[in-house]
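Pasted below: structure_2.cif, mmCIF, C-alpha atoms.
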```
data_model
loop_
_atom_site.group_PDB
_atom_site.id
_atom_site.type_symbol
_atom_site.label_atom_id
_atom_site.label_comp_id
_atom_site.auth_asym_id
_atom_site.auth_seq_id
_atom_site.Cartn_x
_atom_site.Cartn_y
_atom_site.Cartn_z
ATOM 1 C CA GLN Q 1 -29.044 5.966 -44.473
ATOM 2 C CA GLY Q 2 -27.170 7.398 -41.518
ATOM 3 C CA PHE Q 3 -26.550 7.213 -37.795
ATOM 4 C CA ILE Q 4 -29.582 6.761 -35.634
ATOM 5 C CA ALA Q 5 -27.900 7.422 -32.284
ATOM 6 C CA TRP Q 6 -24.547 8.066 -30.625
ATOM 7 C CA PHE Q 7 -23.532 6.479 -27.368
ATOM 8 C CA ALA Q 8 -20.762 7.922 -25.230
ATOM 9 C CA LEU Q 9 -19.279 5.654 -22.575
ATOM 10 C CA SER Q 10 -16.854 6.799 -19.936
ATOM 11 C CA ASP Q 11 -15.350 5.716 -16.673
ATOM 12 C CA ARG Q 12 -16.362 7.531 -13.548
ATOM 13 C CA LEU Q 13 -13.927 8.269 -10.778
ATOM 14 C CA ARG Q 14 -14.475 6.595 -7.481
ATOM 15 C CA LYS Q 15 -15.763 9.127 -4.978
ATOM 16 C CA ASP Q 16 -12.713 8.820 -2.755
ATOM 17 C CA ALA Q 17 -10.077 8.570 -5.514
ATOM 18 C CA ALA Q 18 -8.931 12.197 -5.338
ATOM 19 C CA ALA Q 19 -8.700 12.214 -1.536
ATOM 20 C CA THR Q 20 -6.810 8.910 -1.525
ATOM 21 C CA ILE Q 21 -4.295 10.026 -4.135
ATOM 22 C CA THR Q 22 -3.781 13.367 -2.399
ATOM 23 C CA GLY Q 23 -3.209 11.502 0.877
ATOM 24 C CA PHE Q 24 -0.569 9.257 -0.690
ATOM 25 C CA GLN Q 25 1.148 12.237 -2.322
ATOM 26 C CA GLN Q 26 1.202 14.088 1.012
ATOM 27 C CA GLN Q 27 2.972 11.041 2.462
ATOM 28 C CA GLY Q 28 5.604 11.384 -0.274
ATOM 29 C CA ILE Q 29 4.324 8.361 -2.191
ATOM 30 C CA GLU Q 30 4.327 8.653 -5.963
ATOM 31 C CA VAL Q 31 1.130 7.554 -7.678
ATOM 32 C CA GLU Q 32 0.963 6.315 -11.269
ATOM 33 C CA ILE Q 33 -1.949 5.272 -13.429
ATOM 34 C CA LEU Q 34 -1.289 2.142 -15.453
ATOM 35 C CA SER Q 35 -4.201 1.425 -17.761
ATOM 36 C CA GLY Q 36 -5.028 -0.854 -20.646
ATOM 37 C CA ASP Q 37 -7.428 1.741 -22.017
ATOM 38 C CA ARG Q 38 -6.192 3.657 -25.048
ATOM 39 C CA SER Q 39 -8.665 6.457 -24.604
ATOM 40 C CA PRO Q 40 -7.632 10.067 -23.984
ATOM 41 C CA VAL Q 41 -10.015 9.814 -21.030
ATOM 42 C CA VAL Q 42 -7.192 8.143 -19.052
ATOM 43 C CA THR Q 43 -5.034 11.263 -19.377
ATOM 44 C CA LYS Q 44 -8.011 13.468 -18.546
ATOM 45 C CA LEU Q 45 -8.741 11.461 -15.391
ATOM 46 C CA ALA Q 46 -5.086 11.575 -14.376
ATOM 47 C CA LYS Q 47 -5.031 15.367 -14.679
ATOM 48 C CA ALA Q 48 -8.243 15.624 -12.654
ATOM 49 C CA LEU Q 49 -6.605 13.512 -9.929
ATOM 50 C CA GLY Q 50 -3.267 15.334 -9.986
ATOM 51 C CA VAL Q 51 -1.365 12.276 -11.240
ATOM 52 C CA ASN Q 52 1.569 13.132 -13.485
ATOM 53 C CA LYS Q 53 2.691 9.669 -14.546
ATOM 54 C CA VAL Q 54 0.305 7.823 -16.836
ATOM 55 C CA VAL Q 55 0.800 4.735 -18.966
ATOM 56 C CA SER Q 56 -2.195 3.997 -21.173
ATOM 57 C CA GLY Q 57 -2.860 1.345 -23.771
ATOM 58 C CA ALA Q 58 -0.744 -1.109 -21.783
ATOM 59 C CA SER Q 59 -1.174 -4.820 -22.340
ATOM 60 C CA PRO Q 60 -0.884 -7.169 -19.348
ATOM 61 C CA GLN Q 61 2.722 -7.877 -20.380
ATOM 62 C CA ASP Q 62 3.442 -4.118 -20.692
ATOM 63 C CA LYS Q 63 2.097 -3.597 -17.184
ATOM 64 C CA LEU Q 64 4.294 -6.355 -15.800
ATOM 65 C CA GLU Q 65 7.365 -4.956 -17.580
ATOM 66 C CA HIS Q 66 6.601 -1.483 -16.202
ATOM 67 C CA LEU Q 67 6.365 -2.939 -12.695
ATOM 68 C CA GLN Q 68 9.665 -4.765 -13.130
ATOM 69 C CA GLN Q 69 11.314 -1.574 -14.399
ATOM 70 C CA LEU Q 70 10.150 0.280 -11.278
ATOM 71 C CA GLN Q 71 11.471 -2.520 -9.086
ATOM 72 C CA ARG Q 72 14.875 -2.442 -10.829
ATOM 73 C CA LYS Q 73 15.041 1.274 -9.931
ATOM 74 C CA GLY Q 74 14.539 0.266 -6.306
ATOM 75 C CA ASP Q 75 10.908 1.324 -6.009
ATOM 76 C CA TYR Q 76 8.607 -0.666 -3.762
ATOM 77 C CA VAL Q 77 5.264 -0.979 -5.542
ATOM 78 C CA LEU Q 78 1.690 -1.418 -4.373
ATOM 79 C CA MET Q 79 -0.516 -2.408 -7.301
ATOM 80 C CA VAL Q 80 -4.275 -1.960 -7.215
ATOM 81 C CA GLY Q 81 -6.316 -3.601 -9.954
ATOM 82 C CA ASP Q 82 -9.618 -5.153 -10.799
ATOM 83 C CA GLY Q 83 -9.503 -6.846 -14.192
ATOM 84 C CA ILE Q 84 -8.195 -9.974 -15.823
ATOM 85 C CA ASN Q 85 -5.618 -7.829 -17.608
ATOM 86 C CA ASP Q 86 -4.220 -6.855 -14.187
ATOM 87 C CA VAL Q 87 -3.578 -10.433 -13.063
ATOM 88 C CA PRO Q 88 0.109 -10.676 -14.143
ATOM 89 C CA VAL Q 89 1.047 -7.381 -12.518
ATOM 90 C CA LEU Q 90 -0.955 -8.176 -9.378
ATOM 91 C CA ALA Q 91 0.976 -11.439 -9.134
ATOM 92 C CA GLY Q 92 4.318 -9.705 -9.728
ATOM 93 C CA ALA Q 93 3.896 -6.790 -7.329
ATOM 94 C CA PRO Q 94 5.379 -6.997 -3.817
ATOM 95 C CA ILE Q 95 1.990 -5.876 -2.501
ATOM 96 C CA SER Q 96 -1.173 -6.160 -4.551
ATOM 97 C CA VAL Q 97 -4.770 -5.305 -3.814
ATOM 98 C CA ALA Q 98 -7.817 -6.235 -5.849
ATOM 99 C CA MET Q 99 -11.011 -4.274 -5.555
ATOM 100 C CA GLY Q 100 -13.976 -6.104 -4.047
ATOM 101 C CA LYS Q 101 -15.857 -6.019 -7.347
ATOM 102 C CA ALA Q 102 -12.832 -7.255 -9.295
ATOM 103 C CA THR Q 103 -12.854 -10.370 -11.406
ATOM 104 C CA ASP Q 104 -12.489 -13.610 -9.463
ATOM 105 C CA LEU Q 105 -9.088 -14.244 -11.031
ATOM 106 C CA ALA Q 106 -7.816 -10.817 -9.950
ATOM 107 C CA LYS Q 107 -9.093 -11.400 -6.407
ATOM 108 C CA THR Q 108 -7.424 -14.795 -6.085
ATOM 109 C CA THR Q 109 -4.132 -13.453 -7.458
ATOM 110 C CA ALA Q 110 -3.900 -10.349 -5.267
ATOM 111 C CA ASP Q 111 -2.412 -10.340 -1.771
ATOM 112 C CA ALA Q 112 -5.482 -8.589 -0.389
ATOM 113 C CA VAL Q 113 -9.005 -7.727 -1.471
ATOM 114 C CA LEU Q 114 -10.527 -4.364 -0.682
ATOM 115 C CA THR Q 115 -14.033 -5.592 0.051
ATOM 116 C CA SER Q 116 -15.396 -2.120 0.758
ATOM 117 C CA ASN Q 117 -14.402 -0.874 -2.726
ATOM 118 C CA GLN Q 118 -13.316 2.355 -1.019
ATOM 119 C CA LEU Q 119 -9.802 3.408 -1.961
ATOM 120 C CA ILE Q 120 -9.457 5.598 1.133
ATOM 121 C CA HIS Q 121 -9.018 2.392 3.163
ATOM 122 C CA LEU Q 122 -5.644 1.894 1.450
ATOM 123 C CA LEU Q 123 -4.483 5.176 2.938
ATOM 124 C CA GLU Q 124 -5.830 4.168 6.335
ATOM 125 C CA ALA Q 125 -3.986 0.836 6.093
ATOM 126 C CA LEU Q 126 -0.756 2.701 5.308
ATOM 127 C CA LYS Q 127 -1.196 4.935 8.357
ATOM 128 C CA HIS Q 128 -1.915 1.921 10.601
ATOM 129 C CA GLY Q 129 1.120 0.123 9.204
ATOM 130 C CA GLN Q 130 3.365 3.121 9.857
ATOM 131 C CA LYS Q 131 2.069 3.444 13.412
ATOM 132 C CA THR Q 132 2.612 -0.282 13.997
ATOM 133 C CA ARG Q 133 6.178 -0.031 12.664
ATOM 134 C CA ASP Q 134 6.878 2.910 15.005
ATOM 135 C CA ILE Q 135 5.569 0.970 18.016
ATOM 136 C CA ILE Q 136 7.692 -2.049 17.077
ATOM 137 C CA LYS Q 137 10.772 0.194 16.890
ATOM 138 C CA GLN Q 138 9.958 1.694 20.305
ATOM 139 C CA ASN Q 139 9.548 -1.749 21.834
ATOM 140 C CA ILE Q 140 12.804 -3.031 20.363
ATOM 141 C CA ALA Q 141 14.627 0.087 21.563
ATOM 142 C CA TRP Q 142 13.206 -0.305 25.083
ATOM 143 C CA ALA Q 143 14.101 -3.991 25.229
ATOM 144 C CA LEU Q 144 17.639 -3.347 23.959
ATOM 145 C CA ILE Q 145 18.229 -0.516 26.412
ATOM 146 C CA TYR Q 146 16.902 -2.470 29.378
ATOM 147 C CA ASN Q 147 18.708 -5.696 28.488
ATOM 148 C CA GLY Q 148 21.890 -3.819 27.593
ATOM 149 C CA LEU Q 149 21.962 -2.219 31.044
ATOM 150 C CA ALA Q 150 20.299 -4.714 33.377
ATOM 151 C CA LEU Q 151 21.786 -7.988 32.165
ATOM 152 C CA PRO Q 152 25.461 -6.970 32.472
ATOM 153 C CA LEU Q 153 24.785 -5.484 35.917
ATOM 154 C CA ALA Q 154 23.004 -8.671 37.000
ATOM 155 C CA ALA Q 155 25.826 -10.824 35.592
ATOM 156 C CA MET Q 156 28.387 -8.785 37.553
ATOM 157 C CA GLY Q 157 26.357 -9.240 40.727
ATOM 158 C CA GLN Q 158 25.485 -5.558 41.037
ATOM 159 C CA ILE Q 159 21.755 -6.354 40.913
ATOM 160 C CA PRO Q 160 20.273 -9.200 42.975
ATOM 161 C CA PRO Q 161 18.619 -11.960 40.908
ATOM 162 C CA TRP Q 162 15.153 -11.195 42.261
ATOM 163 C CA ALA Q 163 15.469 -7.532 41.166
ATOM 164 C CA ALA Q 164 16.689 -8.556 37.691
ATOM 165 C CA ALA Q 165 13.768 -10.986 37.318
ATOM 166 C CA THR Q 166 11.285 -8.349 38.519
ATOM 167 C CA GLY Q 167 12.823 -5.805 36.159
ATOM 168 C CA MET Q 168 12.584 -8.236 33.241
ATOM 169 C CA SER Q 169 8.899 -8.824 34.004
ATOM 170 C CA LEU Q 170 8.234 -5.091 34.232
ATOM 171 C CA SER Q 171 10.149 -4.561 30.990
ATOM 172 C CA SER Q 172 7.924 -7.117 29.294
ATOM 173 C CA LEU Q 173 4.826 -5.403 30.685
ATOM 174 C CA VAL Q 174 6.027 -2.049 29.327
ATOM 175 C CA VAL Q 175 6.528 -3.594 25.870
ATOM 176 C CA VAL Q 176 3.106 -5.294 25.911
ATOM 177 C CA GLY Q 177 1.421 -2.139 27.217
ATOM 178 C CA ASN Q 178 3.045 -0.024 24.532
ATOM 179 C CA ALA Q 179 1.948 -2.471 21.847
#
```
Take the structure in the file and write it out as structure tokens.
Amino acid sequence: QGFIAWFALSDRLRKDAAATITGFQQQGIEVEILSGDRSPVVTKLAKALGVNKVVSGASPQDKLEHLQQLQRKGDYVLMVGDGINDVPVLAGAPISVAMGKATDLAKTTADAVLTSNQLIHLLEALKHGQKTRDIIKQNIAWALIYNGLALPLAAMGQIPPWAAATGMSLSSLVVVGNA
């Protein structure tokens, strides 16, 4: 004759979601939520996380088209997903990460799997990548400076061969030590 019970289902935020998103935003990285859910909960979660760009009710094809639109603008996209509906966009993204508890298809399609299920590790990976890039730049600069100065001097006979060879070895040690 009427309803016996009501059930309310909702998604919970991951514990580290807010800190991760704030960390990306502090790095100048724009964060978007791209969801297949049509619920107003998606917008509510985005506001709670401080995310301004939200696409909800997106089909797998809509997600892929959104990714391609971002890429046409020149954006470099990291996609994080966990469901079967994320598979096309995970495959199309330059960098894609599936959560450790994602579907098997999402995990095999993604470039990486976040086995810890902790989003904060994405921010840590970004910081490690930036530090690695900086060290590579330092090493290239050192090698170019040394080779740009020492090799012409050695070729002109201004530096004896043994000194040039010793210098090259020391240069290599500096590069390896810096790395």
Please measure the separation of atom CA of Q:Ala98 and atom CA of Q:Lys47, giving the value in Å to one decimal.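 If I compute the distance from atom CA of Q:Ala98 to atom CA of Q:Lys47, I get 23.5 Å.
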Let me make sure I understand: among Q:Leu114, Q:Ile140, Q:Val89, Q:Leu45, which one has the smallest atom-to-atom distance to Q:Lys101 if we use only C-alpha atoms? Q:Leu114
Coordinates-based distance that separates atom CA of Q:Ala58 from atom CA of Q:Ser96 (Å, one decimal):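 Atom CA of Q:Ser96 sits 18.0 Å away from atom CA of Q:Ala58.
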Atom pair atom CA of Q:Gly92 + atom CA of Q:Lys127, distance 23.9 Å
Evaluate the PyMOL selection byres ((chain Q and resi 112) around 9) against this structure - the residues, as a ChimeraX atom specification, please. /Q:95-99,107-111,113-114
Apply the PyMOL selection byres ((chain Q and resi 23) around 12) to the structure shown and report the selected residues as number ranges by chain. Q: 16-22, 24-31, 49-50, 119-127
Counting all atoms listed in the file, figure out which residue out of Q:Ala165, Q:Val175, Q:Leu90, Q:Leu78 gets nearest to Q:Gln61.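 Smallest distance to Q:Gln61 is found for Q:Leu90.
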Given only C-alpha atoms as the basis, pick out the residue of Q:Asp37, Q:Ser116, Q:Gly129, Q:Lys137 nearest to Q:Lys63. Q:Asp37
Spatial neighbours of Q:Trp142, 12 Å, only C-alpha atoms, chain gap at least 6 places, as a VMD selection string: chain Q and resid 135 to 136 148 to 150 168 170 to 176 178 to 179
List the neighbours of Q:Val42 out to 10 Å using all atoms listed in the file; skip same-chain residues closer than 6 positions along the sequence, and give me the result as a PyMOL selection string. chain Q and resi 10-11+33-36+48+54-57
In terms of the shortest atom-to-atom distance over only C-alpha atoms, which of Q:Lys131, Q:His66, Q:Ser39, Q:Asp104 is closest to Q:Lys53?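 Closest candidate: Q:His66.
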I want to know what sits within 8 Å of Q:Tyr76, based on only C-alpha atoms, with residues of the same chain fewer than 3 positions away left out; could you give that as a PyMOL selection string? chain Q and resi 70-71+94
Tell me which protein, DNA and RNA residues are within 7 Å of stretch 81-85 of chain Q, counting all atoms listed in the file, leaving out same-chain ones fewer than 2 positions away, and put them as number ranges by chain. Q: 60, 79, 87, 97-99, 102-103, 105-106
Based on the selection just made, write C-alpha atoms of those residues as a PDB file, in the coordinates of the input.
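File out04.pdb, as written:
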```
ATOM      1  CA  PRO Q  60      -0.884  -7.169 -19.348  1.00  0.00           C
ATOM      2  CA  MET Q  79      -0.516  -2.408  -7.301  1.00  0.00           C
ATOM      3  CA  VAL Q  87      -3.578 -10.433 -13.063  1.00  0.00           C
ATOM      4  CA  VAL Q  97      -4.770  -5.305  -3.814  1.00  0.00           C
ATOM      5  CA  ALA Q  98      -7.817  -6.235  -5.849  1.00  0.00           C
ATOM      6  CA  MET Q  99     -11.011  -4.274  -5.555  1.00  0.00           C
ATOM      7  CA  ALA Q 102     -12.832  -7.255  -9.295  1.00  0.00           C
ATOM      8  CA  THR Q 103     -12.854 -10.370 -11.406  1.00  0.00           C
ATOM      9  CA  LEU Q 105      -9.088 -14.244 -11.031  1.00  0.00           C
ATOM     10  CA  ALA Q 106      -7.816 -10.817  -9.950  1.00  0.00           C
TER      11      ALA Q 106
END
```
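Shortest separation to Q:Leu64 among Q:Thr43, Q:Ala91, Q:Val51, Q:Ile145 occurs at residue Q:Ala91, atoms counted being all atoms listed in the file.
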